[in-house]
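Single-structure report; data block below.
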2 protein chains.
Amino acid sequence: MSKIIPNISVDCVIFGFDFNKLNVLLVERKLEDEKSKETLIDDWTLIGYHIYEEEDTDSAAKRILKKLTGLDHIYLEQFEAFGEVYRINDPKDKLWLKYQSERFSERIVTIGYFSLINSTSVSLSLHERNVKWFPLNDLPELGFDHNKILNKGLERLRDKMRSEPIGFELLPGKFTISQLQRLYEEILGTKFDRRNFRKKVLQMKYVIPLDEKQKGVKHKPAQLFIFSREVYEKTKTERFDFSI
Amino acid sequence: MSKIIPNISVDCVIFGFDFNKLNVLLVERKLEDEKSKETLIDDWTLIGYHIYEEEDTDSAAKRILKKLTGLDHIYLEQFEAFGEVYRINDPKDKLWLKYQSERFSERIVTIGYFSLINSTSVSLSLHERNVKWFPLNDLPELGFDHNKILNKGLERLRDKMRSEPIGFELLPGKFTISQLQRLYEEILGTKFDRRNFRKKVLQMKYVIPLDEKQKGVKHKPAQLFIFSREVYEKTKTERFDFSI
DNA sequence: TTTGCAATGTGTAATATTTACGCATTAAAT
DNA sequence: ATTTAATGCGTAAATATTACACATTGCAAA
């Protein structure tokens with residue numbers, strides 16, 4: 001692969017949904033002094049990396065996701081570039097970058113991507129580093145300006161959820177209407193009336209009912225549905241709107 | 001000022017409204033062979049520039065606007081980073097960059113900003129270069145990937161117009177409801193019923209009627225209004241929506 | 001095997017919002 | 001004085017949203 005560009009990186013806000021909470025995937029950032037064994041850094045960050053000279057920024061984000069999940073076709077969208085001069089200012093952050101490479105002591109503009117993955121069906125690995133899902137309301141201390149990046153990504157996810165059917169990306173292929181409702185309630189921070197929500201979803205021709213029911217639940221099993229992007233693209237004119 | 005970063009730039013899609021059409025501001029790109037006087041390049045581009053090492057990307061965009069208009073507080077918003085490896089590929093574009101500086105032969109990631117200005121009250125100048133307003137439906141040939149950038153900027157303007165009251169930035173401080181309507185119709189590409197549009201606008205507490213009427217028109221002069229961002233921020237909860 | 005539990009699944013009336021549309025008013029130009 | 005080309009106002013019809021109650025299903029516990 002070609003050379004790394006030292007002052008441009010991408011960072012991914014990877015969202016997952018466990019049928020209850022919206023989670024973000026973070027990677028542990030640990031550094032200890034080689035002699036004294038003193039812990040110099042111990043916190044978490046978004047998953048990101050510098051881009052290569054012969055690599056689109058989109059491709060860099062895809063590369064990171066692929067390395068992490070082994071999967072190729074993950075929902076990915078750029079949401080904002082972070083270009084403040086002093087976005088990396090904390091000595092910890094500078095130390096970490098220096099430890100990675102002397103070349104990273106320059107100024108870095110990073111491009112934020114958010115990604116939606118169906119966390120129930122994915123196994124994760126990132127070399128020797130520890131990656132973990134964190135619910136949004138219980139985040140650890142984050143390095144760099146990743147709190148800001150994460151929140152901007154979340155904001156964009158919320159906005160986009162209201163106008164396009166991207167929520168399905170967070171669910172398995174087959175899902176129930178209640179699962180979809182919980183997802184929307186969790187992300188948008190609202191409550192919907194169960195019956196009205198169902199009515200709305202049933203109107204969407206691209207949410208297709210299956211002749212199949214939920215299994216292994218201890219109550220009346222719900223009908224399963226699939227989302228069809230193909231049908232959605234054909235019937236796009238209907239304004240999609242999950243707002244209150 | 002500090003050194004230029006050769007592989008990061010900003011480009012501004014500057015919109016203006018002349019009470020009839022939505023226009024974009026472009027700068028002429030002309031280059032002729034010094035000996036033969038042959039025209040090597042003659043087209044137009046968005047207004048952009050590389051960023052400096054000690055400059056936020058936002059500040060770089062502001063710097064460009066200031067140089068162009070002399071004004072400080074212009075509506076400005078980042079909309080997308082363009083990070084394809086081969087976004088600059090045309091020999092003309094490479095020639096132009098080389099002519100600007102040998103250092104610009106590297107790969108460049110550019111960050112797109114869109115800006116809204118009240119074109120009726122601004123005088124423009126950009127050193128020795130020719131700048132001009134073009135209506136969106138009659139654009140000249142654009143250099144680089146600026147057609148793509150322009151269209152993405154426009155898309156973002158449209159999206160944002162539907163959810164936030166940014167259209168006012170394109171009008172003079174005092175405006176009539178019909179002017180506002182024409183603006184929205186032009187940008188969103190829709191027609192609104194005059195009476196219903198008026199009703200909707202009058203509900204917005206942040207569109208404040210003045211005891212003042214239009215002058216110099218050859219029909220019944222309309223009442224003038226001002227937009228108050230302050231009132232808007234206070235009453236934000238009401239969902240703003242100009243959709244059909 | 002019966003009963004309780006915890007969900008799913010359906011319908012309808014009340015309310016709010018959006019759309020469609022008609023006519024009087026005003027200032028300038030003829 | 002009359003015409004012109006807009007502004008300004010109100011109301012009815014259509015549509016969309018919200019609120020709400022009860023029957024159904026499959027499993028688990030009694």
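Residue numbers start at 1 in each chain; chains themselves are named A, B, ... in the order of the structure tokens; ligands are numbered from 1 in the order shown.
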
Any chance you could tabulate, as JSON lines, the residues of chain B at most 10 Å from chain A with each one's nearest atom pair and distance in Å to one decimal, using only C-alpha atoms, in chain and rising number order?
```
{"residue": "B:Ile5", "atom": "CA", "partner": "A:Asn7", "partner_atom": "CA", "distance": 8.8}
{"residue": "B:Asn7", "atom": "CA", "partner": "A:Asn7", "partner_atom": "CA", "distance": 8.4}
{"residue": "B:Ile8", "atom": "CA", "partner": "A:Ile8", "partner_atom": "CA", "distance": 8.2}
{"residue": "B:Ile51", "atom": "CA", "partner": "A:Gly83", "partner_atom": "CA", "distance": 9.8}
{"residue": "B:Tyr52", "atom": "CA", "partner": "A:Val85", "partner_atom": "CA", "distance": 9.5}
{"residue": "B:Glu53", "atom": "CA", "partner": "A:Arg107", "partner_atom": "CA", "distance": 7.3}
{"residue": "B:Glu54", "atom": "CA", "partner": "A:Val85", "partner_atom": "CA", "distance": 6.1}
{"residue": "B:Glu55", "atom": "CA", "partner": "A:Val85", "partner_atom": "CA", "distance": 5.9}
{"residue": "B:Asp56", "atom": "CA", "partner": "A:Glu84", "partner_atom": "CA", "distance": 4.3}
{"residue": "B:Thr57", "atom": "CA", "partner": "A:Gly83", "partner_atom": "CA", "distance": 5.0}
{"residue": "B:Asp58", "atom": "CA", "partner": "A:Gly83", "partner_atom": "CA", "distance": 7.3}
{"residue": "B:Ser59", "atom": "CA", "partner": "A:Glu84", "partner_atom": "CA", "distance": 8.7}
{"residue": "B:Ala60", "atom": "CA", "partner": "A:Gly83", "partner_atom": "CA", "distance": 9.9}
{"residue": "B:Gln78", "atom": "CA", "partner": "A:Glu80", "partner_atom": "CA", "distance": 7.6}
{"residue": "B:Phe79", "atom": "CA", "partner": "A:Glu80", "partner_atom": "CA", "distance": 7.1}
{"residue": "B:Glu80", "atom": "CA", "partner": "A:Glu80", "partner_atom": "CA", "distance": 6.3}
{"residue": "B:Ala81", "atom": "CA", "partner": "A:Ala81", "partner_atom": "CA", "distance": 6.3}
{"residue": "B:Phe82", "atom": "CA", "partner": "A:Thr57", "partner_atom": "CA", "distance": 8.0}
{"residue": "B:Gly83", "atom": "CA", "partner": "A:Thr57", "partner_atom": "CA", "distance": 5.0}
{"residue": "B:Glu84", "atom": "CA", "partner": "A:Asp56", "partner_atom": "CA", "distance": 4.3}
{"residue": "B:Val85", "atom": "CA", "partner": "A:Asp56", "partner_atom": "CA", "distance": 5.1}
{"residue": "B:Tyr86", "atom": "CA", "partner": "A:Asp56", "partner_atom": "CA", "distance": 8.3}
{"residue": "B:Arg87", "atom": "CA", "partner": "A:Asp56", "partner_atom": "CA", "distance": 9.4}
{"residue": "B:Glu106", "atom": "CA", "partner": "A:Glu53", "partner_atom": "CA", "distance": 9.1}
{"residue": "B:Arg107", "atom": "CA", "partner": "A:Glu53", "partner_atom": "CA", "distance": 7.3}
{"residue": "B:Ile108", "atom": "CA", "partner": "A:Glu53", "partner_atom": "CA", "distance": 9.9}
{"residue": "B:Val109", "atom": "CA", "partner": "A:Ile8", "partner_atom": "CA", "distance": 8.4}
{"residue": "B:Thr110", "atom": "CA", "partner": "A:Ala81", "partner_atom": "CA", "distance": 9.9}
{"residue": "B:Ile111", "atom": "CA", "partner": "A:Ala81", "partner_atom": "CA", "distance": 7.3}
{"residue": "B:Gly112", "atom": "CA", "partner": "A:Ala81", "partner_atom": "CA", "distance": 9.5}
{"residue": "B:Asp159", "atom": "CA", "partner": "A:Ser163", "partner_atom": "CA", "distance": 9.8}
{"residue": "B:Ser163", "atom": "CA", "partner": "A:Asp159", "partner_atom": "CA", "distance": 9.8}
{"residue": "B:Arg239", "atom": "CA", "partner": "A:Ser243", "partner_atom": "CA", "distance": 9.7}
{"residue": "B:Ser243", "atom": "CA", "partner": "A:Arg239", "partner_atom": "CA", "distance": 9.7}
{"residue": "B:Ile244", "atom": "CA", "partner": "A:Arg239", "partner_atom": "CA", "distance": 9.8}
```

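Within 9 Å of Arg198 of chain B, once only C-alpha atoms (C1' of nucleotides) are used and residues closer than 5 positions along the same chain are dropped, the contacting residues are Ile177, Ser178, Gln181, Asp193 and Gln203 of chain B.
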
What residues in segment 95-131 of chain B get the DSSP label helix (DSSP H, G or I)? Please answer as a PyMOL selection string.
-> chain B and resi 95-100+102-105+119-121

Do you know which residues are at most 8 Å from Leu25 of chain A counting only C-alpha atoms (C1' of nucleotides), after dropping those on the same chain fewer than 4 positions away, and could you put them as a PyMOL selection string?
-> chain A and resi 13-16+46-47+131-134

DSSP says strand (DSSP E) for which residues of segment 16-88 of chain A? Put them as a ChimeraX atom specification?
-> /A:16-17,22-32,39-45,47-52,75-82

Kindly provide, as a PDB file with N, CA and C atoms (P, O5', C5', C4', C3', O3' and C1' of nucleotides), in the first residue's frame, the residues of chain C having any atom no farther than 7 Å from an atom of chain B, counting only C-alpha atoms (C1' of nucleotides).
```
ATOM      1  P    DT C  26     -57.953  49.980   1.787  1.00  0.00           P
ATOM      2  O5'  DT C  26     -56.669  50.188   0.896  1.00  0.00           O
ATOM      3  C5'  DT C  26     -55.461  49.512   1.235  1.00  0.00           C
ATOM      4  C4'  DT C  26     -54.509  49.623   0.084  1.00  0.00           C
ATOM      5  C3'  DT C  26     -54.279  51.052  -0.402  1.00  0.00           C
ATOM      6  O3'  DT C  26     -52.933  51.363  -0.109  1.00  0.00           O
ATOM      7  C1'  DT C  26     -54.560  49.542  -2.207  1.00  0.00           C
ATOM      8  P    DA C  27     -52.474  52.841   0.204  1.00  0.00           P
ATOM      9  O5'  DA C  27     -51.674  53.196  -1.131  1.00  0.00           O
ATOM     10  C5'  DA C  27     -50.419  52.568  -1.344  1.00  0.00           C
ATOM     11  C4'  DA C  27     -50.091  52.625  -2.805  1.00  0.00           C
ATOM     12  C3'  DA C  27     -49.978  54.040  -3.370  1.00  0.00           C
ATOM     13  O3'  DA C  27     -48.674  54.143  -3.912  1.00  0.00           O
ATOM     14  C1'  DA C  27     -51.311  52.664  -4.774  1.00  0.00           C
ATOM     15  P    DA C  28     -48.152  55.403  -4.673  1.00  0.00           P
ATOM     16  O5'  DA C  28     -48.220  54.837  -6.157  1.00  0.00           O
ATOM     17  C5'  DA C  28     -47.435  53.699  -6.498  1.00  0.00           C
ATOM     18  C4'  DA C  28     -47.618  53.417  -7.970  1.00  0.00           C
ATOM     19  C3'  DA C  28     -47.348  54.622  -8.873  1.00  0.00           C
ATOM     20  O3'  DA C  28     -46.586  54.163  -9.974  1.00  0.00           O
ATOM     21  C1'  DA C  28     -49.548  53.823  -9.224  1.00  0.00           C
TER      22       DA C  28
END
```

With only C-alpha atoms (C1' of nucleotides) counted and 8 Å as the cut-off, give the residues of chain D in contact with chain B, each with its shortest interatomic distance in Å and the pair that gives it, as a Markdown table.
```
| residue | atom | partner | partner_atom | distance |
| --- | --- | --- | --- | --- |
| D:DT4 | C1' | B:His219 | CA | 7.9 |
| D:DA5 | C1' | B:His219 | CA | 5.7 |
| D:DA6 | C1' | B:His219 | CA | 5.2 |
| D:DT7 | C1' | B:Ala222 | CA | 5.9 |
```

Would you mind listing what lies within 9 Å of Ser119 of chain B as a list in words, with only C-alpha atoms (C1' of nucleotides) counted and same-chain residues fewer than 5 positions away left out?
->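 Non-adjacent residues within range: Phe15, Gly16, Phe17, Asp18, Asn23, Leu170, Leu171 and Pro172 of chain B.
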
Would you output that residue set with N, CA, C and O atoms, as a PDB file, in the first residue's frame?
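Below you can see result.pdb, which holds the result:
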```
ATOM      1  N   PHE B  15     -24.223  31.302  -2.402  1.00  0.00           N
ATOM      2  CA  PHE B  15     -25.527  31.520  -3.014  1.00  0.00           C
ATOM      3  C   PHE B  15     -26.003  32.947  -2.811  1.00  0.00           C
ATOM      4  O   PHE B  15     -25.754  33.549  -1.762  1.00  0.00           O
ATOM      5  N   GLY B  16     -26.688  33.443  -3.812  1.00  0.00           N
ATOM      6  CA  GLY B  16     -27.307  34.754  -3.708  1.00  0.00           C
ATOM      7  C   GLY B  16     -28.675  34.708  -4.374  1.00  0.00           C
ATOM      8  O   GLY B  16     -28.921  33.874  -5.236  1.00  0.00           O
ATOM      9  N   PHE B  17     -29.544  35.612  -3.967  1.00  0.00           N
ATOM     10  CA  PHE B  17     -30.901  35.619  -4.511  1.00  0.00           C
ATOM     11  C   PHE B  17     -31.232  37.034  -4.956  1.00  0.00           C
ATOM     12  O   PHE B  17     -31.070  37.987  -4.181  1.00  0.00           O
ATOM     13  N   ASP B  18     -31.674  37.176  -6.200  1.00  0.00           N
ATOM     14  CA  ASP B  18     -31.944  38.508  -6.737  1.00  0.00           C
ATOM     15  C   ASP B  18     -33.443  38.803  -6.800  1.00  0.00           C
ATOM     16  O   ASP B  18     -33.901  39.542  -7.653  1.00  0.00           O
ATOM     17  N   ASN B  23     -28.710  32.342  -7.443  1.00  0.00           N
ATOM     18  CA  ASN B  23     -27.461  32.460  -8.185  1.00  0.00           C
ATOM     19  C   ASN B  23     -26.285  31.923  -7.386  1.00  0.00           C
ATOM     20  O   ASN B  23     -26.342  31.843  -6.150  1.00  0.00           O
ATOM     21  N   LEU B 170     -30.762  35.118   2.732  1.00  0.00           N
ATOM     22  CA  LEU B 170     -30.628  35.490   1.325  1.00  0.00           C
ATOM     23  C   LEU B 170     -31.401  36.750   0.973  1.00  0.00           C
ATOM     24  O   LEU B 170     -31.323  37.248  -0.153  1.00  0.00           O
ATOM     25  N   LEU B 171     -32.177  37.239   1.942  1.00  0.00           N
ATOM     26  CA  LEU B 171     -32.982  38.438   1.691  1.00  0.00           C
ATOM     27  C   LEU B 171     -32.387  39.624   2.430  1.00  0.00           C
ATOM     28  O   LEU B 171     -31.635  39.445   3.391  1.00  0.00           O
ATOM     29  N   PRO B 172     -32.749  40.830   2.029  1.00  0.00           N
ATOM     30  CA  PRO B 172     -32.331  41.990   2.820  1.00  0.00           C
ATOM     31  C   PRO B 172     -33.025  41.968   4.176  1.00  0.00           C
ATOM     32  O   PRO B 172     -33.994  41.219   4.367  1.00  0.00           O
TER      33      PRO B 172
END
```

May I ask for the distance between atom CA of Asp42 of chain A and atom CA of Thr120 of chain A, given in Å to one decimal place?
->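 According to the coordinates, atom CA of Asp42 of chain A and atom CA of Thr120 of chain A are separated by 27.6 Å.
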
DT11 of chain D surroundings by only C-alpha atoms (C1' of nucleotides), 12 Å radius, close-in-sequence under 2 positions cut, as a list in words =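 That gives DA20, DC21 and DG22 of chain C; DC9 and DA13 of chain D.
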